[in-house]
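Pasting structure26.tsv here (TSV, C-alpha atoms):
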chain	number	residue	atom	x	y	z
A	29	MET	CA	7.20	195.16	29.76
A	30	PHE	CA	5.44	191.98	30.90
A	31	GLU	CA	3.28	191.26	27.82
A	32	ASP	CA	5.51	188.48	26.51
A	33	VAL	CA	5.55	186.76	29.90
A	34	LEU	CA	1.76	187.05	30.31
A	35	ARG	CA	1.15	185.71	26.79
A	36	SER	CA	3.37	182.70	27.51
A	37	LEU	CA	1.54	182.09	30.78
A	38	ALA	CA	-1.89	182.41	29.16
A	39	SER	CA	-0.96	179.98	26.39
A	40	GLY	CA	0.37	177.44	28.87
A	41	GLU	CA	3.94	177.64	27.62
A	42	ILE	CA	5.23	178.44	31.12
A	43	THR	CA	4.06	177.76	34.67
A	44	ILE	CA	3.06	180.39	37.24
A	45	GLN	CA	6.37	179.84	39.02
A	46	GLU	CA	8.30	180.37	35.78
A	47	ALA	CA	6.27	183.50	35.05
A	48	GLU	CA	7.06	184.84	38.51
A	49	GLU	CA	10.78	184.23	37.98
A	50	LYS	CA	10.71	185.95	34.59
A	51	ILE	CA	8.85	188.97	35.97
A	52	LEU	CA	11.30	189.29	38.87
A	53	SER	CA	14.21	189.08	36.42
A	54	LYS	CA	12.86	192.21	34.74
A	55	PHE	CA	13.45	194.10	37.99
A	56	PHE	CA	16.61	192.51	39.36
A	57	GLU	CA	19.99	191.27	38.26
A	58	LYS	CA	21.06	188.53	40.64
A	59	THR	CA	24.41	186.93	41.32
A	60	ASP	CA	25.42	184.69	44.20
A	61	GLU	CA	26.12	187.74	46.38
A	62	LEU	CA	24.23	190.61	44.75
A	63	MET	CA	20.62	191.45	43.92
A	64	LEU	CA	20.69	194.69	41.95
A	65	ASP	CA	17.56	196.82	41.63
A	66	MET	CA	17.58	197.67	37.93
A	67	GLU	CA	14.25	199.47	37.76
A	68	ARG	CA	14.54	201.69	40.83
A	69	ASP	CA	14.85	204.76	38.60
A	70	LYS	CA	11.44	204.01	37.06
A	71	ARG	CA	9.83	203.16	40.39
A	72	GLN	CA	11.31	205.91	42.56
A	73	GLY	CA	12.70	208.35	40.02
A	74	PHE	CA	16.25	207.85	41.34
A	75	PRO	CA	18.68	205.11	40.31
A	76	GLU	CA	20.24	202.52	42.59
A	77	ILE	CA	23.74	203.63	43.50
A	78	VAL	CA	26.31	200.93	44.21
A	79	PHE	CA	27.71	201.40	47.73
A	80	ALA	CA	31.31	200.18	47.48
A	81	LEU	CA	32.25	200.48	51.16
A	82	GLY	CA	32.33	196.96	52.59
A	83	LYS	CA	32.18	195.31	49.18
A	84	THR	CA	35.15	193.52	47.66
A	85	LYS	CA	36.69	194.77	44.44
A	86	GLU	CA	35.17	191.79	42.66
A	87	GLN	CA	31.67	192.50	44.00
A	88	THR	CA	31.92	196.16	43.04
A	89	ILE	CA	33.11	195.36	39.53
A	90	ALA	CA	30.36	192.76	39.06
A	91	ALA	CA	27.71	195.29	40.08
A	92	VAL	CA	29.09	197.92	37.71
A	93	GLU	CA	29.18	195.43	34.83
A	94	LYS	CA	25.50	194.60	35.34
A	95	PHE	CA	24.42	198.24	35.45
A	96	LEU	CA	26.42	199.14	32.36
A	97	GLU	CA	24.96	196.16	30.53
A	98	ARG	CA	21.33	196.93	31.41
A	99	LYS	CA	21.29	200.72	31.92
A	100	GLY	CA	24.42	202.05	30.19
A	101	ILE	CA	25.42	203.94	33.35
A	102	ALA	CA	26.61	203.04	36.83
A	103	PHE	CA	26.88	205.24	39.93
A	104	VAL	CA	29.31	204.03	42.62
A	105	SER	CA	29.74	205.68	46.02
A	106	GLY	CA	31.94	205.05	49.05
A	107	LEU	CA	35.05	204.32	46.99
A	108	ASP	CA	38.61	204.35	48.24
A	109	GLU	CA	41.50	205.16	45.92
A	110	GLU	CA	42.36	201.52	45.26
A	111	LYS	CA	38.83	200.66	44.10
A	112	LYS	CA	38.72	203.82	42.00
A	113	ARG	CA	41.85	202.70	40.16
A	114	GLU	CA	40.40	199.24	39.63
A	115	LEU	CA	37.22	200.65	38.11
A	116	LYS	CA	39.08	203.08	35.86
A	117	ASP	CA	41.37	200.32	34.58
A	118	ARG	CA	38.58	197.78	34.10
A	119	PHE	CA	36.15	200.18	32.38
A	120	SER	CA	38.61	202.45	30.57
A	121	GLY	CA	36.36	202.47	27.51
A	122	CYS	CA	33.60	204.27	29.40
A	123	VAL	CA	33.12	207.96	30.04
A	124	ILE	CA	34.24	208.28	33.67
A	125	LYS	CA	33.59	211.19	36.02
A	126	GLU	CA	34.51	211.35	39.69
A	127	ALA	CA	33.96	213.57	42.70
A	128	GLY	CA	35.12	212.78	46.22
A	129	ARG	CA	34.32	209.12	46.89
A	130	LEU	CA	31.87	208.89	43.96
A	131	VAL	CA	32.47	207.67	40.40
A	132	VAL	CA	30.02	207.67	37.48
A	133	LEU	CA	30.76	205.33	34.58
A	134	LYS	CA	28.79	205.70	31.38
A	135	ARG	CA	28.86	204.01	28.01
A	136	GLU	CA	29.32	206.26	25.01
A	137	ASN	CA	26.04	207.60	23.62
A	138	THR	CA	24.09	206.74	26.79
A	139	THR	CA	21.51	209.43	27.43
A	140	LEU	CA	19.30	209.86	30.45
A	141	GLU	CA	15.99	211.66	30.71
A	142	LYS	CA	16.72	215.29	31.55
A	143	LEU	CA	15.24	216.36	34.84
A	144	ASN	CA	14.41	220.04	34.51
A	145	GLY	CA	15.18	221.95	37.66
A	146	LYS	CA	17.78	224.02	39.42
A	147	VAL	CA	19.46	223.26	42.73
A	148	GLY	CA	21.63	225.62	44.73
A	149	VAL	CA	24.55	223.85	46.44
A	150	ILE	CA	26.20	225.78	49.26
A	151	THR	CA	29.05	224.81	51.58
A	152	ALA	CA	30.08	226.40	54.84
A	153	GLY	CA	33.78	225.70	54.28
A	154	THR	CA	36.24	224.47	51.71
A	155	SER	CA	36.57	221.18	53.63
A	156	ASP	CA	32.91	220.48	52.83
A	157	VAL	CA	33.45	220.80	49.07
A	158	PRO	CA	34.24	217.10	48.34
A	159	PHE	CA	30.84	216.15	49.78
A	160	ALA	CA	29.05	218.87	47.83
A	161	GLU	CA	30.78	217.74	44.65
A	162	GLU	CA	29.48	214.19	45.09
A	163	THR	CA	25.89	215.40	45.33
A	164	SER	CA	26.40	217.85	42.46
A	165	LEU	CA	27.80	215.16	40.16
A	166	ILE	CA	24.79	212.89	40.74
A	167	LEU	CA	22.37	215.74	40.07
A	168	GLU	CA	24.19	216.92	36.96
A	169	GLU	CA	24.26	213.41	35.50
A	170	LEU	CA	20.48	213.30	35.99
A	171	GLY	CA	20.13	216.53	34.05
A	172	VAL	CA	19.72	218.98	36.93
A	173	SER	CA	21.23	222.45	36.70
A	174	VAL	CA	23.45	223.11	39.74
A	175	GLN	CA	24.47	226.53	41.05
A	176	LYS	CA	27.44	226.19	43.43
A	177	VAL	CA	28.63	228.65	46.05
A	178	TYR	CA	31.43	227.38	48.28
A	179	ASP	CA	33.12	228.58	51.48
A	180	ALA	CA	30.15	230.68	52.57
A	181	GLY	CA	30.09	229.89	56.28
A	182	VAL	CA	28.99	232.05	59.18
A	183	ALA	CA	32.56	232.86	60.31
A	184	GLY	CA	32.17	235.62	57.72
A	185	ILE	CA	28.42	235.99	57.67
A	186	HIS	CA	28.48	238.38	54.70
A	187	ARG	CA	29.51	235.35	52.62
A	188	SER	CA	26.36	233.49	53.70
A	189	PHE	CA	24.13	236.31	52.45
A	190	TYR	CA	26.12	236.37	49.20
A	191	ALA	CA	25.51	232.63	48.73
A	192	LEU	CA	21.79	233.06	49.24
A	193	SER	CA	21.64	235.92	46.73
A	194	LYS	CA	23.43	233.79	44.10
A	195	THR	CA	21.06	230.83	44.51
A	196	LYS	CA	17.72	232.58	45.06
A	197	ASP	CA	16.34	231.47	41.67
A	198	SER	CA	16.86	227.78	42.52
A	199	ASP	CA	14.01	225.34	43.10
A	200	LEU	CA	15.66	224.16	46.32
A	201	LEU	CA	18.92	224.40	48.23
A	202	ILE	CA	21.32	221.79	49.62
A	203	VAL	CA	23.60	223.17	52.32
A	204	PHE	CA	26.70	221.36	53.60
A	205	ALA	CA	28.36	222.21	56.90
A	206	GLY	CA	30.72	220.66	59.43
A	207	MET	CA	32.01	222.17	62.69
A	208	GLU	CA	28.97	223.58	64.55
A	209	GLY	CA	26.75	223.20	61.46
A	210	ILE	CA	24.76	226.42	61.78
A	211	LEU	CA	24.75	227.48	58.11
A	212	PRO	CA	21.69	225.44	56.96
A	213	SER	CA	19.57	226.94	59.75
A	214	LEU	CA	20.69	230.44	58.86
A	215	ILE	CA	19.93	229.93	55.16
A	216	ALA	CA	16.56	228.27	55.89
A	217	SER	CA	15.55	231.18	58.11
A	218	LEU	CA	15.97	233.64	55.22
A	219	THR	CA	14.21	231.87	52.33
A	220	ASP	CA	10.99	230.03	51.51
A	221	LEU	CA	12.90	227.52	49.35
A	222	PRO	CA	13.11	223.91	50.57
A	223	VAL	CA	16.49	223.43	52.27
A	224	ILE	CA	18.21	220.05	52.68
A	225	ALA	CA	20.97	220.10	55.30
A	226	VAL	CA	23.97	217.78	55.07
A	227	PRO	CA	26.25	217.54	58.12
A	228	THR	CA	29.80	216.70	57.08
A	229	PRO	CA	32.44	214.83	59.14
A	230	VAL	CA	34.51	218.00	59.42
A	231	GLY	CA	35.51	219.26	62.87
A	232	TYR	CA	37.61	218.40	65.89
A	233	GLY	CA	37.39	217.89	69.62
A	234	PHE	CA	34.00	217.65	71.33
A	235	GLY	CA	31.32	217.02	68.69
A	236	GLY	CA	33.89	216.48	65.97
A	237	GLU	CA	33.50	214.26	62.89
A	238	GLY	CA	30.07	215.69	62.15
A	239	LEU	CA	28.33	214.97	65.46
A	240	GLY	CA	28.16	218.62	66.47
A	241	ALA	CA	26.88	219.62	63.03
A	242	LEU	CA	24.23	216.88	63.02
A	243	SER	CA	23.04	217.83	66.52
A	244	THR	CA	22.76	221.50	65.57
A	245	MET	CA	20.80	220.75	62.40
A	246	LEU	CA	18.42	218.37	64.17
A	247	GLN	CA	17.90	220.84	67.02
A	248	THR	CA	17.21	223.78	64.71
A	249	CYS	CA	14.30	226.05	65.57
A	250	VAL	CA	13.78	226.85	61.87
A	251	PRO	CA	10.68	224.86	60.86
A	252	GLY	CA	10.88	222.70	57.77
A	253	LEU	CA	14.65	222.20	57.55
A	254	VAL	CA	15.27	218.66	56.26
A	255	VAL	CA	18.37	216.90	57.61
A	256	VAL	CA	20.12	213.80	56.23
A	257	ASN	CA	22.76	211.73	58.00
A	258	ILE	CA	26.44	212.66	58.33
A	259	GLY	CA	28.05	212.73	54.89
A	260	ASN	CA	24.93	211.35	53.18
A	261	THR	CA	25.52	212.97	49.81
A	262	VAL	CA	23.48	210.35	47.96
A	263	GLY	CA	20.50	210.84	50.27
A	264	ALA	CA	20.62	214.60	49.71
A	265	ALA	CA	20.63	214.13	45.94
A	266	ALA	CA	17.75	211.63	46.12
A	267	ALA	CA	15.65	213.99	48.25
A	268	ALA	CA	16.29	216.83	45.80
A	269	VAL	CA	15.27	214.67	42.84
A	270	ARG	CA	12.01	213.67	44.54
A	271	ILE	CA	11.14	217.33	45.08
A	272	LEU	CA	12.06	218.31	41.52
A	273	ARG	CA	10.03	215.48	40.01
A	274	ARG	CA	6.99	216.53	42.04
A	275	ILE	CA	7.44	220.13	40.90
A	276	ARG	CA	7.67	219.03	37.29
A	277	LYS	CA	4.67	216.71	37.59
A	278	ASP	CA	2.55	219.47	39.10
A	279	GLY	CA	3.72	221.89	36.42
A	280	GLN	CA	2.80	219.48	33.65
A	281	ALA	CA	-0.62	218.90	35.20
A	282	SER	CA	-1.23	222.66	35.28
A	283	GLU	CA	-0.20	222.96	31.63
A	284	ASN	CA	-2.56	220.17	30.66
A	285	LYS	CA	-5.47	221.88	32.45
A	286	ARG	CA	-4.77	225.14	30.67
A	287	SER	CA	-4.73	223.39	27.30
A	288	TYR	CA	-8.40	222.31	27.57
What is this file in structure tokens?
Amino acid sequence: MFEDVLRSLASGEITIQEAEEKILSKFFEKTDELMLDMERDKRQGFPEIVFALGKTKEQTIAAVEKFLERKGIAFVSGLDEEKKRELKDRFSGCVIKEAGRLVVLKRENTTLEKLNGKVGVITAGTSDVPFAEETSLILEELGVSVQKVYDAGVAGIHRSFYALSKTKDSDLLIVFAGMEGILPSLIASLTDLPVIAVPTPVGYGFGGEGLGALSTMLQTCVPGLVVVNIGNTVGAAAAAVRILRRIRKDGQASENKRSY
């Protein structure tokens, strides 16, 4: 990746400062207002996702253009309906998928490395589904198999046991819940699978908008339950990918040992 830069530096064609700038340009795409991390997927195993909330339409479009140019795919979260329309109109030639506040734009024939693994995605209620769909779309675009079971909350606890039975062959579970947010703790108490809990801004009155759910999940007495912030669908997907990559790396290492 850096051989051409190092050769130019060694031969005296460029200065150290110029070499530094060229190396940095391999990692980032910079505009006056943006510095986009183009190699995050190689460094962390999870791509940079453009967070549209707080950005202008022009800034969002500029970021998407850079990612499509360099990577062939762009993930954009935190979109309102107006920005969604702008992106769809501007990049109508791309393959476009959306879920909740998330849009994925991809050039034709762009392929990503398939991440082998299976994730169970469970929601307590139907109101949590848009958040679960955002996480699921990210995972599916990265090649993860997703098993979904929705509306499985503890108000009808038989549904919760059904959800667990349908996802028991997963590598890990992501559980979404609003209101009092007890479902992730229940699920985590019944399985040895890693469980990532996502509180959703669903609820009313005292503790509404996800605060009650977040408090319950953080105060769980089930050891090992991992909790992300309210509505943090991207963070849940990123955590799942880190776990799956570690599983795959360990599996490959075991295979290599057996081959000797």
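Note that the spacing between CA of Gly148 (chain A) and CA of Val269 (chain A) amounts to 12.8 Å.
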Residue with smallest distance to Arg113 (chain A) - pool A:Glu76, A:Asp69, A:Glu126, A:Asp32, counting only C-alpha atoms: A:Glu126
Give me, as a Markdown table, each residue of region 215-267 of chain A that comes within 10 Å of region 182-203 of chain A, together with its shortest interatomic pair and the distance in Å at one decimal, counting all atoms listed in the file, with rows ordered by chain and rising residue number.
| residue | atom | partner | partner_atom | distance |
| --- | --- | --- | --- | --- |
| A:Ile215 | CA | A:Leu192 | CA | 7.0 |
| A:Ala216 | CA | A:Leu201 | CA | 8.9 |
| A:Leu218 | CA | A:Leu192 | CA | 8.4 |
| A:Thr219 | CA | A:Lys196 | CA | 8.1 |
| A:Asp220 | CA | A:Leu200 | CA | 9.1 |
| A:Leu221 | CA | A:Leu200 | CA | 5.3 |
| A:Pro222 | CA | A:Leu200 | CA | 5.0 |
| A:Val223 | CA | A:Leu201 | CA | 4.8 |
| A:Ile224 | CA | A:Ile202 | CA | 4.7 |
| A:Ala225 | CA | A:Val203 | CA | 5.0 |
| A:Val226 | CA | A:Val203 | CA | 6.1 |
| A:Pro227 | CA | A:Val203 | CA | 8.5 |
| A:Val254 | CA | A:Ile202 | CA | 9.5 |
| A:Val255 | CA | A:Val203 | CA | 9.7 |
| A:Thr261 | CA | A:Ile202 | CA | 9.8 |
| A:Ala264 | CA | A:Ile202 | CA | 7.2 |
| A:Ala265 | CA | A:Ile202 | CA | 8.5 |
| A:Ala267 | CA | A:Ile202 | CA | 9.7 |
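CA of Leu170 (chain A) to CA of Leu143 (chain A) spans 6.2 Å [interatomic distance, one decimal].
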Pick from A:Ile166, A:Ala80, A:Leu133, A:Leu246 nearest to Glu97 (chain A), counting all atoms listed in the file: A:Leu133
For region 116-119 of chain A, work out the shell of residues within 10 Å, counting only C-alpha atoms and skipping chain neighbours fewer than 2 positions away, then give it as a PDB file with C-alpha atoms, keeping the file's coordinate frame.
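As written to disk, out-v1.pdb reads:
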ATOM      1  CA  ILE A  89      33.110 195.360  39.530  1.00  0.00           C
ATOM      2  CA  VAL A  92      29.090 197.920  37.710  1.00  0.00           C
ATOM      3  CA  GLU A  93      29.180 195.430  34.830  1.00  0.00           C
ATOM      4  CA  LEU A  96      26.420 199.140  32.360  1.00  0.00           C
ATOM      5  CA  LYS A 111      38.830 200.660  44.100  1.00  0.00           C
ATOM      6  CA  LYS A 112      38.720 203.820  42.000  1.00  0.00           C
ATOM      7  CA  ARG A 113      41.850 202.700  40.160  1.00  0.00           C
ATOM      8  CA  GLU A 114      40.400 199.240  39.630  1.00  0.00           C
ATOM      9  CA  GLY A 121      36.360 202.470  27.510  1.00  0.00           C
ATOM     10  CA  CYS A 122      33.600 204.270  29.400  1.00  0.00           C
ATOM     11  CA  VAL A 123      33.120 207.960  30.040  1.00  0.00           C
ATOM     12  CA  ILE A 124      34.240 208.280  33.670  1.00  0.00           C
ATOM     13  CA  LYS A 125      33.590 211.190  36.020  1.00  0.00           C
ATOM     14  CA  VAL A 131      32.470 207.670  40.400  1.00  0.00           C
ATOM     15  CA  LEU A 133      30.760 205.330  34.580  1.00  0.00           C
ATOM     16  CA  LYS A 134      28.790 205.700  31.380  1.00  0.00           C
ATOM     17  CA  ARG A 135      28.860 204.010  28.010  1.00  0.00           C
TER      18      ARG A 135
END
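With only C-alpha atoms as the atoms that count, the residue of A:Gly40, A:Gly231, A:Gly145, A:Gly181 with the shortest distance to Leu167 (chain A) is A:Gly145.
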Phe159 (chain A) environment, 12 Å, only C-alpha atoms, sequence neighbours closer than 6 positions dropped, as a ChimeraX atom specification: /A:105-106,126-130,149-153,165-166,178,202-206,225-230,258-265
Sphere at (23.6, 200.8, 45.7), radius 10 Å, counting only C-alpha atoms: residues as a PyMOL selection string: chain A and resi 63-65+75-80+88+91+102-106+262
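The two atoms in question, CA of Arg68 (chain A) and CA of Lys99 (chain A), are spaced 11.2 Å apart.
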Would you be able to write out as a PDB file with C-alpha atoms, in the frame of the given file which residues have an atom within 12 Å of (11.0, 214.8, 40.9) in the file's coordinates, counting only C-alpha atoms?
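Resulting contents of point_16.pdb:
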ATOM      1  CA  ASP A  69      14.850 204.760  38.600  1.00  0.00           C
ATOM      2  CA  LYS A  70      11.440 204.010  37.060  1.00  0.00           C
ATOM      3  CA  ARG A  71       9.830 203.160  40.390  1.00  0.00           C
ATOM      4  CA  GLN A  72      11.310 205.910  42.560  1.00  0.00           C
ATOM      5  CA  GLY A  73      12.700 208.350  40.020  1.00  0.00           C
ATOM      6  CA  PHE A  74      16.250 207.850  41.340  1.00  0.00           C
ATOM      7  CA  GLU A 141      15.990 211.660  30.710  1.00  0.00           C
ATOM      8  CA  LYS A 142      16.720 215.290  31.550  1.00  0.00           C
ATOM      9  CA  LEU A 143      15.240 216.360  34.840  1.00  0.00           C
ATOM     10  CA  ASN A 144      14.410 220.040  34.510  1.00  0.00           C
ATOM     11  CA  GLY A 145      15.180 221.950  37.660  1.00  0.00           C
ATOM     12  CA  LYS A 146      17.780 224.020  39.420  1.00  0.00           C
ATOM     13  CA  LEU A 167      22.370 215.740  40.070  1.00  0.00           C
ATOM     14  CA  LEU A 170      20.480 213.300  35.990  1.00  0.00           C
ATOM     15  CA  GLY A 171      20.130 216.530  34.050  1.00  0.00           C
ATOM     16  CA  VAL A 172      19.720 218.980  36.930  1.00  0.00           C
ATOM     17  CA  ASP A 199      14.010 225.340  43.100  1.00  0.00           C
ATOM     18  CA  LEU A 200      15.660 224.160  46.320  1.00  0.00           C
ATOM     19  CA  ALA A 265      20.630 214.130  45.940  1.00  0.00           C
ATOM     20  CA  ALA A 266      17.750 211.630  46.120  1.00  0.00           C
ATOM     21  CA  ALA A 267      15.650 213.990  48.250  1.00  0.00           C
ATOM     22  CA  ALA A 268      16.290 216.830  45.800  1.00  0.00           C
ATOM     23  CA  VAL A 269      15.270 214.670  42.840  1.00  0.00           C
ATOM     24  CA  ARG A 270      12.010 213.670  44.540  1.00  0.00           C
ATOM     25  CA  ILE A 271      11.140 217.330  45.080  1.00  0.00           C
ATOM     26  CA  LEU A 272      12.060 218.310  41.520  1.00  0.00           C
ATOM     27  CA  ARG A 273      10.030 215.480  40.010  1.00  0.00           C
ATOM     28  CA  ARG A 274       6.990 216.530  42.040  1.00  0.00           C
ATOM     29  CA  ILE A 275       7.440 220.130  40.900  1.00  0.00           C
ATOM     30  CA  ARG A 276       7.670 219.030  37.290  1.00  0.00           C
ATOM     31  CA  LYS A 277       4.670 216.710  37.590  1.00  0.00           C
ATOM     32  CA  ASP A 278       2.550 219.470  39.100  1.00  0.00           C
ATOM     33  CA  GLY A 279       3.720 221.890  36.420  1.00  0.00           C
ATOM     34  CA  GLN A 280       2.800 219.480  33.650  1.00  0.00           C
TER      35      GLN A 280
END
